[in-house]
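Asker: Next up is a structure, given as structure tokens.
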Amino acid sequence: YGTEYATDSLKVYLIDITNNKTELILKEHVGDTDGTYDGTAFDLDNSMLYFTNYNSKELYRNDLDDDQTVESVSCGVLEGTAASATFYDGKYYYVDEVSKSIYEVTFDVNGNILSDQIVSTVPNSVTVSDIAMDPAGDKLYIVGDVENQSPELITWTVADDSYATVSLSVDEGTQIAYGSDGNLYAITPNYNGTSTTTILDPETGISEPIEDGGVIIIDDPIKDISKGPIM
């Protein structure tokens with residue numbers, strides 16, 4: 001899934017990597033608000049899409065399996081500012097824009113924020129573009145410009161709270177997410193209505209083009225992406 005805020009509406013796209021196409025599946029009028037919407041993450045267990053209002057720090061959810069759901073529901077206000085997020089095992093993870101701390105958010109039975117705690121802090125000075133948790137929940141991958149240089153992939157190993165980095169061959173602003181096929185995908189905006197999609201090797205940092213070219217056409221540049229279900 002990918003989200004974008006444009007012309008007073010939040011737009012949610014289904015990004016079908018296999019068939020190289022996108023589909024607008026939700027358009028929600030949110031008004032002419034300050035800032036933007038970001039921090040997209042999807043819970044595969046309950047088909048809930050999460051995203052934040054960047055300025056107010058409010059976290060929202062929307063049940064994409066419910067045909068009657070039109071308006072998103074507030075989960076509460078986050079401690080930090082989330083411009084990048086991922087979801088794993090019932091928890092929402094994000095990196096705070098200012099402190100570069102990694103937060104883990106849990107929810108009560110009503111879907112509201114129960115806890116919002118720092119679990120680690122990225123040791124480098126980095127401008128984060130996006131994050132993705134691997135399917136096993138062992139490693140969190142962070143794409144960002146380290147020390148204001150070229151993009152790197154930072155790996156946080158959850159078990160021992162350790163970090164490693166590799167250089168990337170992608171452009172600034174690249175978004176990442178795991179696909180349902182287990183591959184880590186990188187989507188780089190071309191600023192002309194298209195985005196280039198590649199398969200990213202998290203161990204080497206090398207991105208390989210998809211066989212059919214990996215170019216998807218969208219109405220607006222995708223602000224953030226997240227893993228979704230096999231359709």
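Residues are referred to by chain and number: the chain letter is A, B, ... according to the order shown in the structure tokens, the number counts from 1 in that chain, and ligands are numbered separately from 1 in the order shown.
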Taking the backbone alone, and naming residues the way the document does, which bits of range 7-223 of chain A are strand (DSSP E) by DSSP, as number ranges by chain?
Answerer: A: 9-16, 21-29, 37-43, 48-53, 58-63, 73-77, 82-88, 91-96, 101-107, 113-121, 126-133, 139-146, 151-157, 162-167, 175-178, 184-189, 194-200, 207-209, 215-217
Asker: I'd like the neighbourhood of Ser74 in chain A as an NGL selection string, where a residue qualifies if any of its atoms comes within 10 Å (using only C-alpha atoms), though same-chain residues fewer than 4 positions away should be ignored.
Answerer: :A and (50-52 or 58-62 or 111-113)
Asker: Give me the residues within 8 Å of Glu28 in chain A as an NGL selection string, counting only C-alpha atoms and dropping any in the same chain fewer than 5 places off.
Answerer: :A and (9-11 or 70-71)
Asker: Any chance you can output those residues with all heavy atoms as a short mmCIF file (atom, residue, chain, number, x, y, z; two decimals), in the first residue's frame?
Answerer:
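And here is the file that came out, again10.cif:
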data_model
loop_
_atom_site.label_atom_id
_atom_site.label_comp_id
_atom_site.auth_asym_id
_atom_site.auth_seq_id
_atom_site.Cartn_x
_atom_site.Cartn_y
_atom_site.Cartn_z
N SER A 9 -7.36 15.72 0.41
CA SER A 9 -7.78 14.33 0.57
C SER A 9 -6.58 13.41 0.80
O SER A 9 -5.50 13.62 0.25
CB SER A 9 -8.53 13.85 -0.67
OG SER A 9 -9.76 14.54 -0.82
N LEU A 10 -6.83 12.41 1.63
CA LEU A 10 -5.85 11.33 1.81
C LEU A 10 -6.17 10.25 0.80
O LEU A 10 -7.31 9.79 0.70
CB LEU A 10 -5.94 10.76 3.22
CG LEU A 10 -5.05 9.53 3.48
CD1 LEU A 10 -3.59 9.94 3.57
CD2 LEU A 10 -5.48 8.80 4.74
N LYS A 11 -5.17 9.85 0.03
CA LYS A 11 -5.36 8.81 -0.98
C LYS A 11 -4.55 7.58 -0.60
O LYS A 11 -3.40 7.69 -0.20
CB LYS A 11 -4.92 9.32 -2.36
CG LYS A 11 -5.69 10.52 -2.85
CD LYS A 11 -5.18 10.99 -4.20
CE LYS A 11 -5.94 12.22 -4.70
NZ LYS A 11 -5.45 12.69 -6.02
N VAL A 70 -15.42 4.30 5.79
CA VAL A 70 -15.04 5.41 4.94
C VAL A 70 -14.05 6.31 5.67
O VAL A 70 -13.00 6.65 5.15
CB VAL A 70 -16.27 6.23 4.51
CG1 VAL A 70 -15.84 7.42 3.66
CG2 VAL A 70 -17.25 5.35 3.73
N GLU A 71 -14.40 6.66 6.89
CA GLU A 71 -13.56 7.56 7.66
C GLU A 71 -12.60 6.77 8.55
O GLU A 71 -12.97 5.77 9.15
CB GLU A 71 -14.41 8.48 8.52
CG GLU A 71 -15.25 9.45 7.72
CD GLU A 71 -15.97 10.44 8.61
OE1 GLU A 71 -15.86 10.31 9.84
OE2 GLU A 71 -16.62 11.35 8.07
#
Asker: With distances taken over only C-alpha atoms, which residue among A:Gly205, A:Gly137, A:Pro189, A:Gly2 lies nearest Asp16 in chain A?
Answerer: A:Gly2
Asker: For a test of reading the model, state the distance in Å between CA of Pro202 in chain A and CA of Gly80 in chain A, rounded to one decimal.
Answerer: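 A separation of 26.5 Å between them.
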Asker: Between CA of Ala82 in chain A and CA of Thr174 in chain A, what is the spacing in Å?
Answerer: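 Rounded to one decimal, the two atoms are 16.2 Å apart.
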Asker: Env of Ala159 in chain A: 9 Å cut, atoms = only C-alpha atoms, seq-sep filter 3 positions within chain, self excluded. Answer as a PyMOL selection string.
Answerer: chain A and resi 138-139+162
Asker: Need to verify the contact set: Asp38 in chain A, 7 Å, only C-alpha atoms, exclusion of same-chain residues closer than 2 positions in sequence. Can you return it as a list of chain:residue names?
Answerer: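 Everything that qualifies: A:Thr36, A:Thr40, A:Phe51, A:Thr52, A:Asn53, A:Tyr54, A:Ala83, A:Ser84, A:Lys223, A:Asp224.
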Asker: Just C-alpha atoms for this one: save the residues we selected as a CSV table (one decimal), in the first residue's frame.
Answerer:
chain,number,residue,atom,x,y,z
A,36,THR,CA,0.9,16.0,5.6
A,40,THR,CA,2.1,4.2,6.7
A,51,PHE,CA,-0.9,6.3,9.2
A,52,THR,CA,-0.1,9.6,11.0
A,53,ASN,CA,-0.8,13.3,10.7
A,54,TYR,CA,2.8,14.5,10.6
A,83,ALA,CA,7.4,10.1,9.0
A,84,SER,CA,8.3,6.4,8.5
A,223,LYS,CA,4.6,9.6,0.5
A,224,ASP,CA,5.0,6.3,2.3
Asker: At a cut-off of 10 Å, can you tabulate as a tab-separated table every residue of range 149-214 of chain A near range 116-136 of chain A together with its closest atom pair and the distance in Å to one decimal, using only C-alpha atoms and ordering rows by chain then number?
Answerer:
residue	atom	partner	partner_atom	distance
A:Gln149	CA	A:Val126	CA	9.1
A:Pro151	CA	A:Ser129	CA	9.0
A:Glu152	CA	A:Val126	CA	9.2
A:Leu153	CA	A:Ile131	CA	9.4
A:Ile154	CA	A:Val122	CA	8.6
A:Thr155	CA	A:Val122	CA	9.6
A:Trp156	CA	A:Val122	CA	8.2
A:Val158	CA	A:Ser120	CA	8.9
A:Asp161	CA	A:Ser120	CA	7.0
A:Ser162	CA	A:Ser120	CA	9.3
A:Tyr163	CA	A:Val122	CA	7.8
A:Thr165	CA	A:Asn124	CA	10.0
A:Glu172	CA	A:Ser129	CA	7.7
A:Gly173	CA	A:Ser129	CA	5.5
A:Thr174	CA	A:Ser129	CA	6.3
A:Gln175	CA	A:Asp130	CA	5.3
A:Ile176	CA	A:Asp130	CA	6.1
A:Ala177	CA	A:Ala132	CA	5.5
A:Tyr178	CA	A:Ala132	CA	6.9
A:Gly179	CA	A:Pro135	CA	9.5
A:Ser180	CA	A:Pro135	CA	9.3
A:Gly182	CA	A:Pro135	CA	7.1
A:Asn183	CA	A:Asp134	CA	9.4
A:Leu184	CA	A:Asp134	CA	8.3
A:Tyr185	CA	A:Ala132	CA	9.8
A:Ala186	CA	A:Asp130	CA	9.7
A:Pro202	CA	A:Asp134	CA	9.7
